[in-house]
Amino acid sequence: MTCKAEDYLTGKTAWCPGCGNFAIRKALAEALAELEIPSHEIIIFSGIGQAAKMPHYIKTNGFNGLHGRALPPAVGSRAANKELKVIVESGDGDSYGEGGNHFIHNIRRNPDIAHFVHNNQVYGLTKGQASPTSDPGMQTGVQVTGVSIPPLNPLSLALTMGSGFIARSFSGEKEHLKETMKEAINFPGYALVDILQPCVSFNKVNTFGWYKQRVYYPEIEDHYDWNNAMALTRQWGDRIPLGIFYKSPRMTFESSQLVLEGEPLVRRPFDPSRMASLQDEFY
Amino acid sequence: MELNLLIGGAAGQGMETIMNLLGKSLVREGFGIIYSKDYMSRVRGGHNFSRLRIAPGTPWSNVETVDILVALNEETYFLHRENLAPSARIIYDPQDFNLPEQESRGVPVELKSLAEEAGGKVMANTVAVGALLVLMGLETNTVESLLEDTFAGKEGAVEKNIAALQSGYDAAASYCSACFTLPPRNESGKKLFIDGNQVLGMSALASGCRFLSAYPMTPSTGVMNYLAAKSTDYPLVVEQAEDEVAAINMALGAAYTGVRSLTCTSGGGFSLMVEGLSLAGMTETPLVIIVAMRPGPATGFPTRTEQGDLNFVIHGGHGEFPRAVLSATSQEDAFYRLNKAFALADRYQTPVIFLSDQNFADTHRSVEPFDFSRLNYDLALAGEGEFEKPYKRYRASKNGVSPRILPGEHAGEVVLIDSDEHDEQGNITESAEVRRMMAEKRMRKLQGLAEEMDEPDLYGDPHPEVLLVGWGSNYGVLREAVDALSEAGIKTAMLHYSDIYPLPVQRLQELLGEVKKSYCVENNATGQLAGLIRRETGLQIGGLILKYDGRPFLPREIVEEVENDL
Ligand SMILES: Cc1ncc(C[n+]2csc(CCOP(=O)(O)OP(=O)(O)O)c2C)c(N)n1
Ligand code: SF4
Ligand SMILES: [Mg+2]
């Protein structure tokens, strides 16, 4: 079977011209085509935000849920049918702010999900308030004197919580992004890719040029080296490393559920005759 | 003819162990029983007690009278002294405390010492069961075989427990052997000894539920415990979510992907879930939510009972979307009704709320075995050839229900669901026209749901002068109240709602004009069902009999209110 990237594109996008989301969409379509995963065998879960519109623009199954709540339904879906590839696609506000608790606990749970966070360091859809990853000092209509609290570092946090796959990419480096996405999709377990994404309308600080000047590819010899990964996740400012910083599979949600061995739950026949004996213990 | 037992003590003293052992053996012997718990929100100390009533048939409710009191501490005696029948007996441990001199009904049994002699202090409860048996004139053999079942495989445990049982039996025998007469045993076959949460858990599993995500919250946790225990043997995943928001959203993800899914909680957790409830309505995803009520607001009374969330579950969630609300009335009914909740959720692709409460959840009764062949487990999916291609998740339809397929099951077809307003395909839209069409499509499902609702159950005098209207777990106590009022010469009937929303109105409309006086009996402070009836029908129920102290109604309380009013 040959899959073409164009076959995965659908819908009329409603993003601002020049938005980093276009390149992310393209990279995703190419990644899916190169991995040759048929549309109907993929589900994209998203929350609410500009990034979270992705299920409308990529032809796969889609669950465009609530703001901050993309991960929980994705986990439920993994339990129901582990044969489908699950991708979560959402913004930084959605994933790290409103959905922060799910972010933390799903790293622990480690479901086989590739989580692509479009990190534009701002709330795009609601017109430019600070997000958990906004740099200190950024002024917005709400943070009128500038962001005063330090940003959340998603990759460090994920690493300390035991995440097995941690990467950063940039919408301006499409090849790298595509390859990183492919690895994340194939990784068994929760794989986090924090994608730097310029928001041309609301983030006038972290622009395309700002990122472009700073990103670089560090030499990473050992993907199991936790300390090295931690050092990389903490680099921010003049130089911002891109790459897969850490990659070390561990027990997944699916494999820890013994009942999930074999056929996916959704396809197991229902056997009513096994049920009546349930009441025996109450005699 | 009946017998009422009460066992009280501090939390952690094992009242439940005694009641479970005794209750189950009584049921095995053919007696009809009800056993309910009154417990505090703490793990040690305080005052907890359980009541067990043995009566002909199967009793529907507990009463206040106590025939045998097992006082595991002194406080228990003083707290329940007033309700002791003149012929009552009090089992207590004279090494712990002594009864007042003028109290002649005591049966001192050295529970702890005898247990230690038999092999360990933990068996004090088994000693107490032995004492209870001899007072009731029962042999020890049924409890013995139950102990064998319970402790099978545990070295020496069976022998030690049987020795403890016998020692309690012998110790009490000299004070009072067979000084109570038990009601007749039921003739018909084996009965189950089961509580409300277990009924719901079993029904869910037998309905084909394959995914439960929940966050522990009393009094719903028993459902989670039941299903978790089964998840090693049945195709079922039970996941403890990080919070209730995750719980409902996880369940929606599993439901969308194609398995019957459930979440359970109490009012506070449901508060966190309502955005997800609205999502289920918007995305047209089937989901069953068990809400086991306890008194609110906020944390309220965690371990007690109330019917305070009816309005909340009918109205909770932003926006307008169809839903059904069913309730647990009795174990006998709830088994099938929760199954109906699953069937409706799938048939109408929308959330269904099943209301339970602490009173139902924690009460054991002896009930007929269930007929599993009556259960529905049809996901109501469109098979290959039963939907138009390309597939559109929200294709317009007459009854508002679109053919549903599962993601991944049909090559080339994708399933897109959306919490934004969407078109037939599931794509986000801003169109006024599409919006109108989709809002109407969703709400049309409410008409179908309304037709599926069962009319309220009518019990009592066929031509009543007094009508008691109720819902949910008050079913049993209302039956007893109807019987008592009828016996007192007041022609009484009850109209009891199991399916509550969309409200079935026909039977009520027919009856209400015929009766002299009607009352809505509810465990809340505002009469929420009465309010719903008024809103839906314009009919006013004559009076309200309300209780909102966290405790379930006793039949006497309802009878007195009616008698005083007439
Ligand atoms: C419960 C809830 N709260 C608030 C909102 C409003 N809201 C929608 S998107 C959003 C922030 C989006 O930011 P981000 O996730 O970073 O996505 P972006 O638009 O930047 O891609 C907010 C606050 C909402 N839809 N739901
Ligand atoms: S507001 Fe920002 S993130 Fe949203 S579409 Fe426009 S440029 Fe992209
Ligand atoms: Mg953002």
# chains A, B, ... in the order shown; residues from 1 in each chain; ligands from 1
call {"tool": "residues_near_ligand", "arguments": {"ligand": "ligand 1", "cutoff": "8 Å", "atoms": "only C-alpha atoms and all ligand atoms", "output": "MDAnalysis selection string"}}
result
(chainID A and resid 47:52 66:68 90:95 97:98 118:128 131 199) or (chainID B and resid 275)
call {"tool": "select_by_dssp", "arguments": {"residues": "region 266-324 of chain B", "states": "strand (DSSP E)", "output": "mmCIF file with N, CA, C and O atoms, in the first residue's frame"}}
result
data_model
loop_
_atom_site.group_PDB
_atom_site.id
_atom_site.type_symbol
_atom_site.label_atom_id
_atom_site.label_comp_id
_atom_site.auth_asym_id
_atom_site.auth_seq_id
_atom_site.Cartn_x
_atom_site.Cartn_y
_atom_site.Cartn_z
ATOM 1 N N LEU B 287 -23.265 6.785 27.424
ATOM 2 C CA LEU B 287 -22.538 6.665 28.681
ATOM 3 C C LEU B 287 -23.541 6.514 29.813
ATOM 4 O O LEU B 287 -24.570 7.180 29.832
ATOM 5 N N VAL B 288 -23.218 5.631 30.744
ATOM 6 C CA VAL B 288 -24.037 5.495 31.947
ATOM 7 C C VAL B 288 -23.243 6.030 33.130
ATOM 8 O O VAL B 288 -22.063 5.719 33.292
ATOM 9 N N ILE B 289 -23.896 6.870 33.911
ATOM 10 C CA ILE B 289 -23.263 7.444 35.092
ATOM 11 C C ILE B 289 -24.114 7.068 36.300
ATOM 12 O O ILE B 289 -25.287 7.437 36.364
ATOM 13 N N ILE B 290 -23.524 6.343 37.226
ATOM 14 C CA ILE B 290 -24.237 6.046 38.473
ATOM 15 C C ILE B 290 -23.906 7.160 39.459
ATOM 16 O O ILE B 290 -22.725 7.404 39.747
ATOM 17 N N VAL B 291 -24.915 7.843 39.941
ATOM 18 C CA VAL B 291 -24.705 8.866 40.965
ATOM 19 C C VAL B 291 -25.345 8.351 42.253
ATOM 20 O O VAL B 291 -26.561 8.265 42.362
ATOM 21 N N ALA B 292 -24.505 7.974 43.203
ATOM 22 C CA ALA B 292 -24.995 7.491 44.497
ATOM 23 C C ALA B 292 -25.035 8.691 45.442
ATOM 24 O O ALA B 292 -23.998 9.189 45.859
ATOM 25 N N MET B 293 -26.253 9.117 45.751
ATOM 26 C CA MET B 293 -26.391 10.382 46.487
ATOM 27 C C MET B 293 -26.061 10.242 47.970
ATOM 28 O O MET B 293 -26.317 9.219 48.588
ATOM 29 N N ALA B 324 -31.540 10.753 30.027
ATOM 30 C CA ALA B 324 -32.560 10.064 30.810
ATOM 31 C C ALA B 324 -32.027 9.916 32.220
ATOM 32 O O ALA B 324 -30.816 9.818 32.431
#
call {"tool": "select_by_dssp", "arguments": {"residues": "region 70-272 of chain A", "states": "alpha helix (DSSP H)", "output": "PyMOL selection string"}}
result
chain A and resi 71-80+92+100-109+154-160+174-186+208-214+226-233+253-256
call {"tool": "closest_residue", "arguments": {"among": "A:Tyr224, A:Trp15, A:Phe22, A:Tyr57", "to": "chain B", "atoms": "only C-alpha atoms"}}
result
A:Tyr57
call {"tool": "closest_residue", "arguments": {"among": "B:Lys154, B:Lys112, B:His364, B:His47", "to": "chain A", "atoms": "only C-alpha atoms"}}
result
B:His364
call {"tool": "closest_residue", "arguments": {"among": "A:Ser255, A:Gln279, A:Ser134, A:Asn186", "to": "chain B", "atoms": "only C-alpha atoms"}}
result
A:Gln279
call {"tool": "closest_residue", "arguments": {"among": "A:Arg250, A:Arg25, A:Lys4, A:Lys82", "to": "chain B", "atoms": "only C-alpha atoms"}}
result
A:Lys82
call {"tool": "closest_residue", "arguments": {"among": "A:Asn228, A:Thr133, A:Thr160, A:Ser277", "to": "ligand 3", "atoms": "only C-alpha atoms and all ligand atoms"}}
result
A:Thr133
call {"tool": "closest_residue", "arguments": {"among": "B:Asn125, B:Asn73, B:Ser220, B:Ser25", "to": "Asp149 (chain B)", "atoms": "only C-alpha atoms"}}
result
B:Ser25
call {"tool": "interface_residues", "arguments": {"of": "chain A", "to": "chain B", "cutoff": "8 Å", "atoms": "only C-alpha atoms", "output": "count of residues only"}}
result
46
call {"tool": "residues_around", "arguments": {"residues": "Gln213 (chain A)", "least_positions_apart": "2", "cutoff": "12 Å", "atoms": "only C-alpha atoms", "output": "PyMOL selection string"}}
result
chain A and resi 170+172+206-211+215-216+237-241
call {"tool": "write_last_selection", "arguments": {"atoms": "N, CA, C and O atoms", "output": "PDB file, in the first residue's frame"}}
result
ATOM      1  N   PHE A 170      10.350  21.745  16.291  1.00  0.00           N
ATOM      2  CA  PHE A 170      10.006  23.120  15.928  1.00  0.00           C
ATOM      3  C   PHE A 170       9.258  23.073  14.602  1.00  0.00           C
ATOM      4  O   PHE A 170       9.669  22.350  13.684  1.00  0.00           O
ATOM      5  N   GLY A 172       9.273  25.049  12.376  1.00  0.00           N
ATOM      6  CA  GLY A 172      10.128  25.570  11.305  1.00  0.00           C
ATOM      7  C   GLY A 172      11.162  24.561  10.840  1.00  0.00           C
ATOM      8  O   GLY A 172      11.957  24.854   9.942  1.00  0.00           O
ATOM      9  N   ASN A 206       8.132  35.387  21.071  1.00  0.00           N
ATOM     10  CA  ASN A 206       8.714  34.142  20.581  1.00  0.00           C
ATOM     11  C   ASN A 206       8.265  33.923  19.130  1.00  0.00           C
ATOM     12  O   ASN A 206       7.409  33.091  18.852  1.00  0.00           O
ATOM     13  N   THR A 207       8.861  34.665  18.249  1.00  0.00           N
ATOM     14  CA  THR A 207       8.472  34.623  16.837  1.00  0.00           C
ATOM     15  C   THR A 207       9.229  33.524  16.103  1.00  0.00           C
ATOM     16  O   THR A 207      10.131  32.887  16.658  1.00  0.00           O
ATOM     17  N   PHE A 208       8.880  33.344  14.840  1.00  0.00           N
ATOM     18  CA  PHE A 208       9.598  32.374  14.010  1.00  0.00           C
ATOM     19  C   PHE A 208      11.097  32.650  14.057  1.00  0.00           C
ATOM     20  O   PHE A 208      11.900  31.741  14.296  1.00  0.00           O
ATOM     21  N   GLY A 209      11.450  33.908  13.863  1.00  0.00           N
ATOM     22  CA  GLY A 209      12.863  34.267  13.851  1.00  0.00           C
ATOM     23  C   GLY A 209      13.530  34.022  15.206  1.00  0.00           C
ATOM     24  O   GLY A 209      14.667  33.558  15.280  1.00  0.00           O
ATOM     25  N   TRP A 210      12.794  34.328  16.230  1.00  0.00           N
ATOM     26  CA  TRP A 210      13.314  34.136  17.602  1.00  0.00           C
ATOM     27  C   TRP A 210      13.689  32.667  17.805  1.00  0.00           C
ATOM     28  O   TRP A 210      14.773  32.349  18.280  1.00  0.00           O
ATOM     29  N   TYR A 211      12.769  31.778  17.427  1.00  0.00           N
ATOM     30  CA  TYR A 211      13.057  30.343  17.572  1.00  0.00           C
ATOM     31  C   TYR A 211      14.184  29.927  16.637  1.00  0.00           C
ATOM     32  O   TYR A 211      15.120  29.227  17.014  1.00  0.00           O
ATOM     33  N   VAL A 215      17.361  27.601  17.932  1.00  0.00           N
ATOM     34  CA  VAL A 215      17.323  26.133  17.948  1.00  0.00           C
ATOM     35  C   VAL A 215      18.607  25.545  17.382  1.00  0.00           C
ATOM     36  O   VAL A 215      19.226  26.114  16.488  1.00  0.00           O
ATOM     37  N   TYR A 216      19.013  24.406  17.923  1.00  0.00           N
ATOM     38  CA  TYR A 216      20.177  23.675  17.414  1.00  0.00           C
ATOM     39  C   TYR A 216      19.991  22.197  17.757  1.00  0.00           C
ATOM     40  O   TYR A 216      19.128  21.837  18.561  1.00  0.00           O
ATOM     41  N   GLY A 237      16.524  29.812  26.286  1.00  0.00           N
ATOM     42  CA  GLY A 237      17.080  31.168  26.275  1.00  0.00           C
ATOM     43  C   GLY A 237      17.835  31.377  24.990  1.00  0.00           C
ATOM     44  O   GLY A 237      17.248  31.333  23.905  1.00  0.00           O
ATOM     45  N   ASP A 238      19.135  31.559  25.129  1.00  0.00           N
ATOM     46  CA  ASP A 238      19.924  31.848  23.935  1.00  0.00           C
ATOM     47  C   ASP A 238      19.976  30.660  22.980  1.00  0.00           C
ATOM     48  O   ASP A 238      20.022  30.827  21.770  1.00  0.00           O
ATOM     49  N   ARG A 239      20.008  29.480  23.573  1.00  0.00           N
ATOM     50  CA  ARG A 239      20.072  28.282  22.722  1.00  0.00           C
ATOM     51  C   ARG A 239      18.991  27.314  23.199  1.00  0.00           C
ATOM     52  O   ARG A 239      18.792  27.086  24.385  1.00  0.00           O
ATOM     53  N   ILE A 240      18.287  26.764  22.230  1.00  0.00           N
ATOM     54  CA  ILE A 240      17.208  25.822  22.557  1.00  0.00           C
ATOM     55  C   ILE A 240      17.447  24.532  21.787  1.00  0.00           C
ATOM     56  O   ILE A 240      17.391  24.511  20.554  1.00  0.00           O
ATOM     57  N   PRO A 241      17.749  23.453  22.522  1.00  0.00           N
ATOM     58  CA  PRO A 241      18.063  22.198  21.830  1.00  0.00           C
ATOM     59  C   PRO A 241      16.804  21.536  21.262  1.00  0.00           C
ATOM     60  O   PRO A 241      15.728  21.606  21.866  1.00  0.00           O
TER      61      PRO A 241
END
call {"tool": "residues_around", "arguments": {"residues": "region 8-20 of chain B", "least_positions_apart": "3", "cutoff": "6 Å", "atoms": "only C-alpha atoms", "output": "short mmCIF file (atom, residue, chain, number, x, y, z; two decimals) with N, CA, C and O atoms, in the first residue's frame"}}
result
data_model
loop_
_atom_site.label_atom_id
_atom_site.label_comp_id
_atom_site.auth_asym_id
_atom_site.auth_seq_id
_atom_site.Cartn_x
_atom_site.Cartn_y
_atom_site.Cartn_z
N GLY B 23 -26.25 -12.64 58.37
CA GLY B 23 -27.23 -12.36 57.32
C GLY B 23 -27.23 -13.45 56.27
O GLY B 23 -28.28 -13.99 55.90
N LYS B 24 -26.05 -13.80 55.83
CA LYS B 24 -25.98 -14.80 54.77
C LYS B 24 -26.48 -16.16 55.25
O LYS B 24 -27.17 -16.87 54.53
N VAL B 43 -12.79 5.81 60.37
CA VAL B 43 -12.33 4.43 60.25
C VAL B 43 -12.26 3.75 61.62
O VAL B 43 -12.43 2.56 61.76
N ARG B 44 -12.03 4.56 62.66
CA ARG B 44 -11.98 4.02 64.03
C ARG B 44 -12.82 4.91 64.93
O ARG B 44 -12.90 6.13 64.72
N GLY B 45 -13.40 4.31 65.96
CA GLY B 45 -14.12 5.08 66.97
C GLY B 45 -15.52 5.49 66.55
O GLY B 45 -16.08 4.95 65.59
N GLY B 46 -16.10 6.44 67.28
CA GLY B 46 -17.45 6.90 66.97
C GLY B 46 -18.49 5.84 67.30
O GLY B 46 -18.20 4.84 67.98
N HIS B 47 -19.71 6.05 66.81
CA HIS B 47 -20.73 5.04 67.03
C HIS B 47 -21.31 4.59 65.69
O HIS B 47 -21.91 5.38 64.97
N ASN B 48 -21.11 3.34 65.37
CA ASN B 48 -21.67 2.76 64.15
C ASN B 48 -22.61 1.64 64.55
O ASN B 48 -22.38 0.96 65.54
N PHE B 49 -23.64 1.47 63.78
CA PHE B 49 -24.47 0.29 64.04
C PHE B 49 -25.12 -0.23 62.77
O PHE B 49 -25.20 0.46 61.76
N ALA B 71 -24.26 -5.19 72.06
CA ALA B 71 -23.60 -3.92 72.41
C ALA B 71 -22.12 -4.17 72.55
O ALA B 71 -21.67 -4.74 73.55
N LEU B 72 -21.36 -3.77 71.53
CA LEU B 72 -19.92 -4.00 71.58
C LEU B 72 -19.23 -2.95 72.45
O LEU B 72 -18.06 -3.06 72.74
N ASN B 73 -19.97 -1.92 72.84
CA ASN B 73 -19.47 -1.00 73.86
C ASN B 73 -20.65 -0.45 74.65
O ASN B 73 -21.82 -0.65 74.28
N THR B 76 -23.35 1.94 73.10
CA THR B 76 -24.38 1.32 72.26
C THR B 76 -25.63 1.01 73.10
O THR B 76 -26.76 1.25 72.66
N ASN B 125 -16.07 -11.54 67.08
CA ASN B 125 -17.30 -11.40 66.30
C ASN B 125 -17.97 -12.75 66.04
O ASN B 125 -19.18 -12.86 66.03
#
